[in-house]
Every structure is written in C-alpha cells, then in structure tokens.
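my_file_28.cif follows (mmCIF, C-alpha atoms):
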data_model
loop_
_atom_site.group_PDB
_atom_site.id
_atom_site.type_symbol
_atom_site.label_atom_id
_atom_site.label_comp_id
_atom_site.auth_asym_id
_atom_site.auth_seq_id
_atom_site.Cartn_x
_atom_site.Cartn_y
_atom_site.Cartn_z
ATOM 1 C CA MET A 13 116.296 87.129 135.634
ATOM 2 C CA ASN A 14 114.131 84.869 137.740
ATOM 3 C CA PRO A 15 114.610 81.174 136.824
ATOM 4 C CA ALA A 16 111.207 80.326 138.340
ATOM 5 C CA LEU A 17 109.525 82.408 135.635
ATOM 6 C CA LEU A 18 111.446 80.649 132.863
ATOM 7 C CA LYS A 19 110.534 77.327 134.486
ATOM 8 C CA ARG A 20 106.909 78.396 134.333
ATOM 9 C CA ALA A 21 107.211 79.082 130.577
ATOM 10 C CA ILE A 22 108.769 75.631 130.071
ATOM 11 C CA GLU A 23 106.078 74.004 132.203
ATOM 12 C CA LEU A 24 103.372 75.667 130.078
ATOM 13 C CA ALA A 25 105.067 74.287 126.960
ATOM 14 C CA VAL A 26 105.204 70.736 128.318
ATOM 15 C CA HIS A 27 101.607 70.870 129.453
ATOM 16 C CA ASN A 28 100.547 72.243 126.060
ATOM 17 C CA VAL A 29 101.898 69.168 124.289
ATOM 18 C CA ARG A 30 100.485 66.723 126.845
ATOM 19 C CA SER A 31 97.031 68.301 126.705
ATOM 20 C CA GLY A 32 97.074 68.166 122.909
ATOM 21 C CA GLN A 33 96.417 71.888 122.560
ATOM 22 C CA GLY A 34 99.369 72.693 120.362
ATOM 23 C CA GLY A 35 103.116 72.985 119.851
ATOM 24 C CA PRO A 36 105.819 72.762 122.528
ATOM 25 C CA PHE A 37 106.031 76.439 123.367
ATOM 26 C CA GLY A 38 105.069 78.575 126.349
ATOM 27 C CA ALA A 39 105.693 82.205 127.331
ATOM 28 C CA VAL A 40 104.877 84.635 130.104
ATOM 29 C CA VAL A 41 104.871 88.429 130.246
ATOM 30 C CA VAL A 42 106.222 89.751 133.528
ATOM 31 C CA LYS A 43 105.931 93.187 135.105
ATOM 32 C CA ASP A 44 107.433 94.159 138.470
ATOM 33 C CA GLY A 45 108.397 90.530 139.013
ATOM 34 C CA ARG A 46 104.862 89.225 138.569
ATOM 35 C CA ILE A 47 103.239 87.352 135.699
ATOM 36 C CA VAL A 48 100.775 89.603 133.856
ATOM 37 C CA ALA A 49 99.782 87.080 131.189
ATOM 38 C CA GLU A 50 100.649 83.615 129.940
ATOM 39 C CA GLY A 51 100.511 82.151 126.448
ATOM 40 C CA VAL A 52 100.922 78.804 124.745
ATOM 41 C CA ASN A 53 101.028 77.817 121.110
ATOM 42 C CA SER A 54 97.494 77.159 119.893
ATOM 43 C CA VAL A 55 97.984 77.286 116.105
ATOM 44 C CA ILE A 56 96.219 73.996 115.471
ATOM 45 C CA THR A 57 93.353 74.182 117.931
ATOM 46 C CA ALA A 58 92.608 77.846 117.169
ATOM 47 C CA ASN A 59 93.188 77.570 113.392
ATOM 48 C CA ASP A 60 95.453 80.568 113.745
ATOM 49 C CA PRO A 61 99.010 80.445 112.381
ATOM 50 C CA THR A 62 99.838 83.566 114.422
ATOM 51 C CA ALA A 63 98.835 81.994 117.754
ATOM 52 C CA HIS A 64 102.391 81.422 118.962
ATOM 53 C CA ALA A 65 103.121 81.493 122.697
ATOM 54 C CA GLU A 66 104.805 84.927 122.706
ATOM 55 C CA VAL A 67 102.202 86.574 120.444
ATOM 56 C CA THR A 68 99.414 85.161 122.617
ATOM 57 C CA ALA A 69 101.054 86.237 125.883
ATOM 58 C CA ILE A 70 101.692 89.757 124.513
ATOM 59 C CA ARG A 71 98.119 90.114 123.215
ATOM 60 C CA ARG A 72 96.748 89.014 126.577
ATOM 61 C CA ALA A 73 99.060 91.288 128.554
ATOM 62 C CA CYS A 74 98.001 94.271 126.413
ATOM 63 C CA GLU A 75 94.348 93.388 126.834
ATOM 64 C CA LYS A 76 94.777 93.077 130.583
ATOM 65 C CA LEU A 77 96.730 96.307 130.968
ATOM 66 C CA GLY A 78 94.621 98.209 128.422
ATOM 67 C CA THR A 79 97.575 99.310 126.320
ATOM 68 C CA PHE A 80 99.351 98.554 123.032
ATOM 69 C CA HIS A 81 102.854 99.054 124.486
ATOM 70 C CA LEU A 82 104.484 97.090 127.296
ATOM 71 C CA PRO A 83 107.387 99.155 128.689
ATOM 72 C CA GLY A 84 108.664 97.780 131.975
ATOM 73 C CA CYS A 85 107.674 94.274 130.930
ATOM 74 C CA GLU A 86 109.869 91.273 130.206
ATOM 75 C CA VAL A 87 109.049 88.138 128.237
ATOM 76 C CA TYR A 88 110.163 84.735 129.510
ATOM 77 C CA THR A 89 109.810 82.103 126.808
ATOM 78 C CA SER A 90 110.628 78.413 126.504
ATOM 79 C CA CYS A 91 112.361 78.991 123.148
ATOM 80 C CA GLU A 92 114.081 81.765 121.193
ATOM 81 C CA PRO A 93 111.351 83.781 119.446
ATOM 82 C CA CYS A 94 110.699 83.197 115.747
ATOM 83 C CA PRO A 95 110.822 86.286 113.485
ATOM 84 C CA MET A 96 107.060 86.786 113.834
ATOM 85 C CA CYS A 97 107.306 86.796 117.631
ATOM 86 C CA LEU A 98 110.462 88.911 117.505
ATOM 87 C CA GLY A 99 108.512 91.465 115.479
ATOM 88 C CA ALA A 100 105.644 91.361 117.981
ATOM 89 C CA ILE A 101 108.162 91.904 120.804
ATOM 90 C CA TYR A 102 109.529 95.025 119.089
ATOM 91 C CA TRP A 103 106.083 96.434 118.314
ATOM 92 C CA ALA A 104 105.056 95.809 121.942
ATOM 93 C CA HIS A 105 108.181 97.662 123.193
ATOM 94 C CA VAL A 106 108.961 95.215 125.989
ATOM 95 C CA ASP A 107 112.270 95.711 127.825
ATOM 96 C CA ARG A 108 113.906 92.327 127.447
ATOM 97 C CA VAL A 109 113.452 88.655 126.575
ATOM 98 C CA TRP A 110 114.782 85.584 128.386
ATOM 99 C CA TYR A 111 114.662 82.246 126.569
ATOM 100 C CA ALA A 112 115.708 78.653 127.195
ATOM 101 C CA MET A 113 116.005 76.707 123.912
ATOM 102 C CA THR A 114 117.636 78.197 120.784
ATOM 103 C CA LYS A 115 116.211 78.458 117.263
ATOM 104 C CA ASP A 116 118.698 75.819 116.105
ATOM 105 C CA GLU A 117 117.378 73.424 118.716
ATOM 106 C CA ALA A 118 113.856 74.288 117.515
ATOM 107 C CA ALA A 119 114.934 73.352 113.978
ATOM 108 C CA GLN A 120 115.967 69.908 115.249
ATOM 109 C CA ALA A 121 112.446 69.549 116.637
ATOM 110 C CA GLU A 122 111.020 70.195 113.154
ATOM 111 C CA PHE A 123 110.223 73.891 113.574
ATOM 112 C CA ASP A 124 111.007 76.228 110.703
ATOM 113 C CA ASP A 125 112.168 79.269 112.653
ATOM 114 C CA SER A 126 115.708 79.069 111.255
ATOM 115 C CA LEU A 127 114.388 78.911 107.708
ATOM 116 C CA ILE A 128 112.384 82.106 108.239
ATOM 117 C CA TYR A 129 115.434 83.843 109.756
ATOM 118 C CA GLU A 130 117.368 82.933 106.597
ATOM 119 C CA GLN A 131 114.554 84.005 104.274
ATOM 120 C CA ILE A 132 114.276 87.479 105.815
ATOM 121 C CA ALA A 133 117.825 88.314 104.767
ATOM 122 C CA LEU A 134 117.068 87.624 101.085
ATOM 123 C CA ALA A 135 115.770 90.122 98.528
ATOM 124 C CA PRO A 136 111.949 89.947 98.788
ATOM 125 C CA GLN A 137 111.271 88.646 95.265
ATOM 126 C CA THR A 138 113.830 85.824 95.663
ATOM 127 C CA ARG A 139 112.293 84.337 98.806
ATOM 128 C CA LEU A 140 110.628 80.903 98.854
ATOM 129 C CA ILE A 141 107.411 82.869 99.267
ATOM 130 C CA PRO A 142 108.103 85.602 96.702
ATOM 131 C CA MET A 143 107.217 89.111 97.827
ATOM 132 C CA VAL A 144 106.911 91.316 94.801
ATOM 133 C CA ARG A 145 106.688 95.081 94.690
ATOM 134 C CA VAL A 146 104.163 96.431 92.218
ATOM 135 C CA ASP A 147 104.492 100.026 91.034
ATOM 136 C CA MET A 148 101.084 101.547 91.678
ATOM 137 C CA GLY A 149 102.246 105.109 91.022
ATOM 138 C CA GLU A 150 100.809 107.972 93.070
ATOM 139 C CA GLU A 151 97.994 105.730 94.308
ATOM 140 C CA ALA A 152 100.396 103.744 96.509
ATOM 141 C CA ALA A 153 101.520 106.775 98.515
ATOM 142 C CA ARG A 154 98.014 107.860 99.504
ATOM 143 C CA PRO A 155 97.833 105.978 102.831
ATOM 144 C CA PHE A 156 101.106 107.472 104.117
ATOM 145 C CA ARG A 157 100.146 110.949 102.852
ATOM 146 C CA GLU A 158 96.860 110.723 104.751
ATOM 147 C CA TRP A 159 98.701 109.523 107.836
ATOM 148 C CA LEU A 160 101.362 112.254 107.846
ATOM 149 C CA GLY A 161 98.661 114.838 107.239
ATOM 150 C CA LYS A 162 96.751 113.735 110.305
ATOM 151 C CA ALA A 163 97.675 116.116 113.128
ATOM 152 C CA ASP A 164 96.269 113.888 115.883
ATOM 153 C CA ARG A 165 97.891 110.649 114.719
ATOM 154 C CA ILE A 166 99.007 108.355 117.542
ATOM 155 C CA ARG A 167 102.407 106.742 116.968
ATOM 156 C CA TYR A 168 102.692 103.097 117.878
ATOM 157 C CA MET B 24 98.699 89.859 89.743
ATOM 158 C CA ASN B 25 95.446 91.741 89.696
ATOM 159 C CA PRO B 26 95.947 95.507 90.230
ATOM 160 C CA ALA B 27 92.347 95.884 91.387
ATOM 161 C CA LEU B 28 93.127 93.735 94.436
ATOM 162 C CA LEU B 29 96.159 95.843 95.312
ATOM 163 C CA LYS B 30 94.028 98.955 94.857
ATOM 164 C CA ARG B 31 91.571 97.452 97.321
ATOM 165 C CA ALA B 32 94.361 96.987 99.904
ATOM 166 C CA ILE B 33 95.427 100.631 99.413
ATOM 167 C CA GLU B 34 91.839 101.814 99.666
ATOM 168 C CA LEU B 35 91.435 99.940 102.964
ATOM 169 C CA ALA B 36 94.580 101.659 104.250
ATOM 170 C CA VAL B 37 93.367 105.146 103.291
ATOM 171 C CA HIS B 38 89.961 104.515 104.816
ATOM 172 C CA ASN B 39 91.577 103.192 107.996
ATOM 173 C CA VAL B 40 93.389 106.482 108.568
ATOM 174 C CA ARG B 41 90.348 108.624 107.702
ATOM 175 C CA SER B 42 88.065 106.666 110.025
ATOM 176 C CA GLY B 43 90.602 106.953 112.844
ATOM 177 C CA GLN B 44 90.779 103.217 113.369
ATOM 178 C CA GLY B 45 94.518 102.879 113.019
ATOM 179 C CA GLY B 46 97.658 103.055 110.933
ATOM 180 C CA PRO B 47 97.889 103.473 107.131
ATOM 181 C CA PHE B 48 97.925 99.807 106.203
ATOM 182 C CA GLY B 49 95.497 97.432 104.504
ATOM 183 C CA ALA B 50 95.755 93.872 103.202
ATOM 184 C CA VAL B 51 93.596 91.231 101.560
ATOM 185 C CA VAL B 52 93.956 87.460 101.289
ATOM 186 C CA VAL B 53 92.948 86.166 97.876
ATOM 187 C CA LYS B 54 92.098 82.647 96.738
ATOM 188 C CA ASP B 55 91.099 81.708 93.175
ATOM 189 C CA GLY B 56 91.014 85.396 92.284
ATOM 190 C CA ARG B 57 88.543 86.280 95.025
ATOM 191 C CA ILE B 58 89.016 88.081 98.318
ATOM 192 C CA VAL B 59 88.687 85.646 101.228
ATOM 193 C CA ALA B 60 89.408 88.155 103.997
ATOM 194 C CA GLU B 61 90.464 91.743 104.527
ATOM 195 C CA GLY B 62 92.473 93.345 107.295
ATOM 196 C CA VAL B 63 93.506 96.784 108.455
ATOM 197 C CA ASN B 64 95.861 97.952 111.129
ATOM 198 C CA SER B 65 93.974 98.236 114.420
ATOM 199 C CA VAL B 66 96.847 98.341 116.920
ATOM 200 C CA ILE B 67 95.572 101.421 118.709
ATOM 201 C CA THR B 68 91.842 100.766 118.743
ATOM 202 C CA ALA B 69 92.230 97.083 119.666
ATOM 203 C CA ASN B 70 95.112 97.612 122.123
ATOM 204 C CA ASP B 71 96.918 94.882 120.219
ATOM 205 C CA PRO B 72 100.445 95.493 118.893
ATOM 206 C CA THR B 73 100.081 92.405 116.681
ATOM 207 C CA ALA B 74 96.954 93.700 114.907
ATOM 208 C CA HIS B 75 98.725 94.629 111.681
ATOM 209 C CA ALA B 76 96.803 94.480 108.405
ATOM 210 C CA GLU B 77 98.457 91.275 107.126
ATOM 211 C CA VAL B 78 98.224 89.436 110.471
ATOM 212 C CA THR B 79 94.558 90.398 110.754
ATOM 213 C CA ALA B 80 93.744 89.376 107.166
ATOM 214 C CA ILE B 81 95.540 86.034 107.620
ATOM 215 C CA ARG B 82 93.811 85.322 110.928
ATOM 216 C CA ARG B 83 90.429 86.074 109.382
ATOM 217 C CA ALA B 84 91.102 84.013 106.255
ATOM 218 C CA CYS B 85 92.087 81.034 108.423
ATOM 219 C CA GLU B 86 89.000 81.453 110.575
ATOM 220 C CA LYS B 87 86.796 81.632 107.500
ATOM 221 C CA LEU B 88 88.387 78.653 105.758
ATOM 222 C CA GLY B 89 88.721 76.624 108.981
ATOM 223 C CA THR B 90 92.429 75.984 108.541
ATOM 224 C CA PHE B 91 95.816 77.090 109.859
ATOM 225 C CA HIS B 92 97.514 76.942 106.442
ATOM 226 C CA LEU B 93 96.644 78.960 103.343
ATOM 227 C CA PRO B 94 98.121 77.204 100.302
ATOM 228 C CA GLY B 95 96.742 78.556 97.041
ATOM 229 C CA CYS B 96 96.272 81.971 98.645
ATOM 230 C CA GLU B 97 98.028 85.238 97.876
ATOM 231 C CA VAL B 98 98.343 88.338 100.031
ATOM 232 C CA TYR B 99 97.924 91.786 98.513
ATOM 233 C CA THR B 100 99.139 94.480 100.887
ATOM 234 C CA SER B 101 99.490 98.247 100.734
ATOM 235 C CA CYS B 102 103.057 98.041 102.065
ATOM 236 C CA GLU B 103 105.950 95.580 102.274
ATOM 237 C CA PRO B 104 105.328 93.340 105.291
ATOM 238 C CA CYS B 105 107.223 94.016 108.520
ATOM 239 C CA PRO B 106 109.165 91.069 110.003
ATOM 240 C CA MET B 107 106.218 90.096 112.199
ATOM 241 C CA CYS B 108 103.887 89.939 109.201
ATOM 242 C CA LEU B 109 106.554 88.225 107.109
ATOM 243 C CA GLY B 110 106.763 85.557 109.797
ATOM 244 C CA ALA B 111 102.976 85.203 109.823
ATOM 245 C CA ILE B 112 103.043 84.835 106.016
ATOM 246 C CA TYR B 113 105.562 81.990 106.260
ATOM 247 C CA TRP B 114 103.684 80.226 109.054
ATOM 248 C CA ALA B 115 100.460 80.540 107.038
ATOM 249 C CA HIS B 116 102.160 79.025 103.961
ATOM 250 C CA VAL B 117 100.604 81.412 101.461
ATOM 251 C CA ASP B 118 101.911 81.234 97.874
ATOM 252 C CA ARG B 119 102.974 84.797 97.231
ATOM 253 C CA VAL B 120 102.776 88.424 98.356
ATOM 254 C CA TRP B 121 102.187 91.549 96.253
ATOM 255 C CA TYR B 122 102.898 94.916 97.851
ATOM 256 C CA ALA B 123 102.829 98.590 96.859
ATOM 257 C CA MET B 124 104.998 100.690 99.206
ATOM 258 C CA THR B 125 108.444 99.559 100.407
ATOM 259 C CA LYS B 126 109.731 99.284 103.970
ATOM 260 C CA ASP B 127 112.028 102.265 103.318
ATOM 261 C CA GLU B 128 109.044 104.362 102.325
ATOM 262 C CA ALA B 129 107.329 103.124 105.523
ATOM 263 C CA ALA B 130 110.345 104.346 107.499
ATOM 264 C CA GLN B 131 109.852 107.836 106.022
ATOM 265 C CA ALA B 132 106.289 107.694 107.321
ATOM 266 C CA GLU B 133 107.623 107.051 110.854
ATOM 267 C CA PHE B 134 107.192 103.262 110.900
ATOM 268 C CA ASP B 135 109.944 101.170 112.431
ATOM 269 C CA ASP B 136 109.889 98.204 110.054
ATOM 270 C CA SER B 137 113.417 98.895 108.781
ATOM 271 C CA LEU B 138 114.752 99.051 112.313
ATOM 272 C CA ILE B 139 113.295 95.629 113.093
ATOM 273 C CA TYR B 140 114.761 94.205 109.870
ATOM 274 C CA GLU B 141 118.187 95.484 110.995
ATOM 275 C CA GLN B 142 117.746 94.183 114.545
ATOM 276 C CA ILE B 143 116.934 90.630 113.421
ATOM 277 C CA ALA B 144 120.373 90.282 111.835
ATOM 278 C CA LEU B 145 122.156 91.031 115.118
ATOM 279 C CA ALA B 146 123.177 88.532 117.781
ATOM 280 C CA PRO B 147 120.169 88.219 120.119
ATOM 281 C CA GLN B 148 121.828 89.584 123.263
ATOM 282 C CA THR B 149 123.125 92.686 121.412
ATOM 283 C CA ARG B 150 119.737 93.840 120.136
ATOM 284 C CA LEU B 151 118.043 97.041 121.354
ATOM 285 C CA ILE B 152 115.630 94.685 123.073
ATOM 286 C CA PRO B 153 118.157 92.172 124.415
ATOM 287 C CA MET B 154 117.180 88.531 124.000
ATOM 288 C CA VAL B 155 119.216 86.439 126.363
ATOM 289 C CA ARG B 156 119.566 82.689 126.420
ATOM 290 C CA VAL B 157 119.510 81.159 129.882
ATOM 291 C CA ASP B 158 120.949 77.684 130.402
ATOM 292 C CA MET B 159 118.177 75.734 132.089
ATOM 293 C CA GLY B 160 119.902 72.365 131.653
ATOM 294 C CA GLU B 161 117.816 69.270 130.968
ATOM 295 C CA GLU B 162 114.648 71.095 131.990
ATOM 296 C CA ALA B 163 114.741 73.254 128.829
ATOM 297 C CA ALA B 164 114.604 70.290 126.460
ATOM 298 C CA ARG B 165 111.476 68.758 127.982
ATOM 299 C CA PRO B 166 108.921 70.466 125.671
ATOM 300 C CA PHE B 167 110.679 69.306 122.480
ATOM 301 C CA ARG B 168 111.222 65.807 123.917
ATOM 302 C CA GLU B 169 107.503 65.536 124.673
ATOM 303 C CA TRP B 170 106.684 66.821 121.179
ATOM 304 C CA LEU B 171 108.987 64.430 119.300
ATOM 305 C CA GLY B 172 107.702 61.557 121.436
ATOM 306 C CA LYS B 173 104.117 62.282 120.437
ATOM 307 C CA ALA B 174 103.230 59.927 117.592
ATOM 308 C CA ASP B 175 100.098 61.837 116.563
ATOM 309 C CA ARG B 176 101.672 65.309 116.495
ATOM 310 C CA ILE B 177 100.369 67.584 113.779
ATOM 311 C CA ARG B 178 103.071 69.608 112.030
ATOM 312 C CA TYR B 179 102.242 73.226 111.340
#

Will you turn the file into structure tokens for me?
Amino acid sequence: MNPALLKRAIELAVHNVRSGQGGPFGAVVVKDGRIVAEGVNSVITANDPTAHAEVTAIRRACEKLGTFHLPGCEVYTSCEPCPMCLGAIYWAHVDRVWYAMTKDEAAQAEFDDSLIYEQIALAPQTRLIPMVRVDMGEEAARPFREWLGKADRIRY
Amino acid sequence: MNPALLKRAIELAVHNVRSGQGGPFGAVVVKDGRIVAEGVNSVITANDPTAHAEVTAIRRACEKLGTFHLPGCEVYTSCEPCPMCLGAIYWAHVDRVWYAMTKDEAAQAEFDDSLIYEQIALAPQTRLIPMVRVDMGEEAARPFREWLGKADRIRY
C-alpha cells in the first residue's frame, strides 16, 4: 500500500467537485507501483450513470493495456466501491482494492451505495426496482447452449 | 411485460455468440413500449470488462435520451443481471427489470455472477479480491466536504 497513490485518488475526487465535472470520487489503477489509468465520476457531464470513478479507471486501464483482465493491478479509490464498481472490479480480475472513505460515510454524503448493498441481498422480485423472472421455456436457454457449444469460446 | 421484447433480448444474445462478438447476453431498454436502446456483451471485442449487455444498453439509452436517469424505462434482459449490472440499473433509476435465465443457470454456463453475489455479502477485507480500508485521517473526508458545501450540486 502506497499512501501517495490513495492521496492521488482523493485529490482527483476533490478536483472533480471543484471543476464541476461530477461527484466526489476518484480512483487510480496501479501496476508495478505506477499509475496506469485514472478515473473520476462523470455521471452528470457524460450522461452516463455507469461513469463512476472505478469503472472509468478500469475501462481506461484495459484500453491502455489492450486487455479485458487486469491481473497484477490494484485499485486505489477515494471511497469504498459501490456494488456496480465492485462487480467491475471482479470482472476485471484486479488483485486488490485500497479505499479511504466507507460506504456508510458515502451514505451521509447523500450517496445511495448502502441502499444498493441492502437491495442486492433481497429476493429479486421484492427489490425497490423489481427484477422479475419470466419463464420463456426452451427459448431462454438458447444463448447458453450456443455458448457452451462453441469450441473456441474465450472465457472472461 | 411484453414477451416479444424479452425474445428480442434473447435473440440478441444468440446472435452475439454466433457472430463471435462476445458472451451469450443481450438486453434492451424500453420506454412507452418501444425499444430505446439495445446492448450485447462485448467484453472481449471491446477489451472492456464492464461492457455487459445491460450496462451497454443503459449507456446507449442515456446517450440517446440525453439523460443520466431512466425513469419510465424497463430493462428486458436474457439473463438475471450480475451485481455490476444490478448496480447500473439502480444508478439509472429504471422502473423494472424482466429477465429470462437465472444467475444459477448462468453459473452452469461458466459465468461467475453467483460468486460475485456471494462475495458482496462478505466483509470487504475477507473477499477473494480484498478491499481494504486505509485510515487517511482528515484528508479522506475532503471530497465529501467539498461536495456537501457545493450549493449547486446535482444529485444523481
């Protein structure tokens, strides 16, 4: 853990608010002790609800390194990742995450991360945004059947 | 619920595997009964671990509608959303999600969604990808202080 890298993530977050670009979040992806990519929250300016700091930093790091997996990389982020960013972190296969503020502190600053963490644990159809399974019979299984039948499929 | 829209999401998923673009997932964002945007999984071809079908469809719908929130919209998706996509769905404030395959069926097709659902419930530092809080003192709170002190902040 290099505190200077976490300071950089915090600095990005502060600057992001001051410049009016977006929410108070910043993140960096680090490999071999060096910053590969940085990201800030740009939900409002980009009209993109997925443009969180961690997601943005991961997307940029992958673009830069020409890969969809980031083994050997660490994420330093100004705040504990929300479930969306946590998912992105798992799909990117980074090694570890270091964060400064907690999700409960984010909740005090009006951010809904804690709510989403609570919602995930509920049965899908009972969530505030109901997620309802529809029985589509044999039709529904076609995509996975095609996938498993594809000898040259690349796992990700 | 309109089964034709869910069929469309499944069709996108099947086509996505056959064309070699990516994983067996498709999604559409619907408003007033019409498809606003479609998305498929393009993790491998785009070198973007966040390019899941739902995330892509949501990003495109927001771009098209010029907004970062999607009230009045529904997502139809070939499979139960992973935690990343679930987070994106909450941040986008859609009304509802309809899905065909479950996350357990996705697990049988070699997709790690269930693992990530299990990981989220664990204490951050005990996860397979450890997420460790670092005490950065007063420094850490600066982004949220700036945010809450900003009278014209836009909540998202």

For each of B:Ala174, B:Val63, B:Val52, B:Ile33, take the minimum atom-to-atom distance to chain A, counting only C-alpha atoms, then give the residue where this is smallest.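 Among the listed residues, the smallest separation from chain A belongs to B:Ile33.
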
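Nearest-residue note for Glu77 of chain B: choosing from B:His38, B:Pro147, B:Gly49, B:Pro94, the minimum distance belongs to B:Gly49, counting only C-alpha atoms.
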
So that each row is one residue of chain B with an atom at most 6 Å from chain A, can you give its shortest atom pair and the distance in Å to one decimal, using all atoms listed in the file, rows by chain and rising number, as JSON lines?
{"residue": "B:Ala36", "atom": "CA", "partner": "A:Pro155", "partner_atom": "CA", "distance": 5.6}
{"residue": "B:Val37", "atom": "CA", "partner": "A:Pro155", "partner_atom": "CA", "distance": 4.6}
{"residue": "B:Pro47", "atom": "CA", "partner": "A:Pro155", "partner_atom": "CA", "distance": 5.0}
{"residue": "B:Asn70", "atom": "CA", "partner": "A:Phe80", "partner_atom": "CA", "distance": 4.4}
{"residue": "B:Asp71", "atom": "CA", "partner": "A:Phe80", "partner_atom": "CA", "distance": 5.2}
{"residue": "B:Pro72", "atom": "CA", "partner": "A:Phe80", "partner_atom": "CA", "distance": 5.3}
{"residue": "B:Thr73", "atom": "CA", "partner": "A:Ala100", "partner_atom": "CA", "distance": 5.8}
{"residue": "B:Arg82", "atom": "CA", "partner": "A:Asp60", "partner_atom": "CA", "distance": 5.8}
{"residue": "B:Thr90", "atom": "CA", "partner": "A:Asn59", "partner_atom": "CA", "distance": 5.2}
{"residue": "B:Phe91", "atom": "CA", "partner": "A:Asn59", "partner_atom": "CA", "distance": 4.4}
{"residue": "B:Pro106", "atom": "CA", "partner": "A:Gly99", "partner_atom": "CA", "distance": 5.5}
{"residue": "B:Met107", "atom": "CA", "partner": "A:Met96", "partner_atom": "CA", "distance": 3.8}
{"residue": "B:Gly110", "atom": "CA", "partner": "A:Met96", "partner_atom": "CA", "distance": 4.2}
{"residue": "B:Ala111", "atom": "CA", "partner": "A:Thr62", "partner_atom": "CA", "distance": 5.8}
{"residue": "B:Trp114", "atom": "CA", "partner": "A:Pro61", "partner_atom": "CA", "distance": 5.7}
{"residue": "B:Ala115", "atom": "CA", "partner": "A:Pro61", "partner_atom": "CA", "distance": 5.5}
{"residue": "B:Asp118", "atom": "CA", "partner": "A:Ile141", "partner_atom": "CA", "distance": 5.9}
{"residue": "B:Arg119", "atom": "CA", "partner": "A:Pro142", "partner_atom": "CA", "distance": 5.2}
{"residue": "B:Val120", "atom": "CA", "partner": "A:Met143", "partner_atom": "CA", "distance": 4.5}
{"residue": "B:Trp121", "atom": "CA", "partner": "A:Val144", "partner_atom": "CA", "distance": 4.9}
{"residue": "B:Tyr122", "atom": "CA", "partner": "A:Arg145", "partner_atom": "CA", "distance": 4.9}
{"residue": "B:Ala123", "atom": "CA", "partner": "A:Val146", "partner_atom": "CA", "distance": 5.3}
{"residue": "B:Ile152", "atom": "CA", "partner": "A:Arg108", "partner_atom": "CA", "distance": 5.3}
{"residue": "B:Pro153", "atom": "CA", "partner": "A:Arg108", "partner_atom": "CA", "distance": 5.2}
{"residue": "B:Met154", "atom": "CA", "partner": "A:Val109", "partner_atom": "CA", "distance": 4.5}
{"residue": "B:Val155", "atom": "CA", "partner": "A:Trp110", "partner_atom": "CA", "distance": 4.9}
{"residue": "B:Arg156", "atom": "CA", "partner": "A:Tyr111", "partner_atom": "CA", "distance": 4.9}
{"residue": "B:Val157", "atom": "CA", "partner": "A:Ala112", "partner_atom": "CA", "distance": 5.3}
{"residue": "B:Ala163", "atom": "CA", "partner": "A:Ala112", "partner_atom": "CA", "distance": 5.7}
{"residue": "B:Pro166", "atom": "CA", "partner": "A:Val26", "partner_atom": "CA", "distance": 4.6}
{"residue": "B:Phe167", "atom": "CA", "partner": "A:Pro36", "partner_atom": "CA", "distance": 6.0}

Using all atoms listed in the file, which residue out of A:Val40, A:Val48, A:Arg20, A:Lys115 lies closest to Ala65 of chain A?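 Answer, going by the shortest atom-to-atom distance: A:Val40.
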
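One finds atom CA of Ala50 of chain B at 21.2 Å from atom CA of Thr138 of chain A.
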
Between atom CA of Gly51 of chain A and atom CA of Gly84 of chain A, what distance in Å does the model show, to one decimal? 18.5 Å

In Å, how far is it from atom CA of Gln33 of chain A to atom CA of Ser54 of chain A?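 Spanning atom CA of Gln33 of chain A to atom CA of Ser54 of chain A is a straight-line distance of 6.0 Å.
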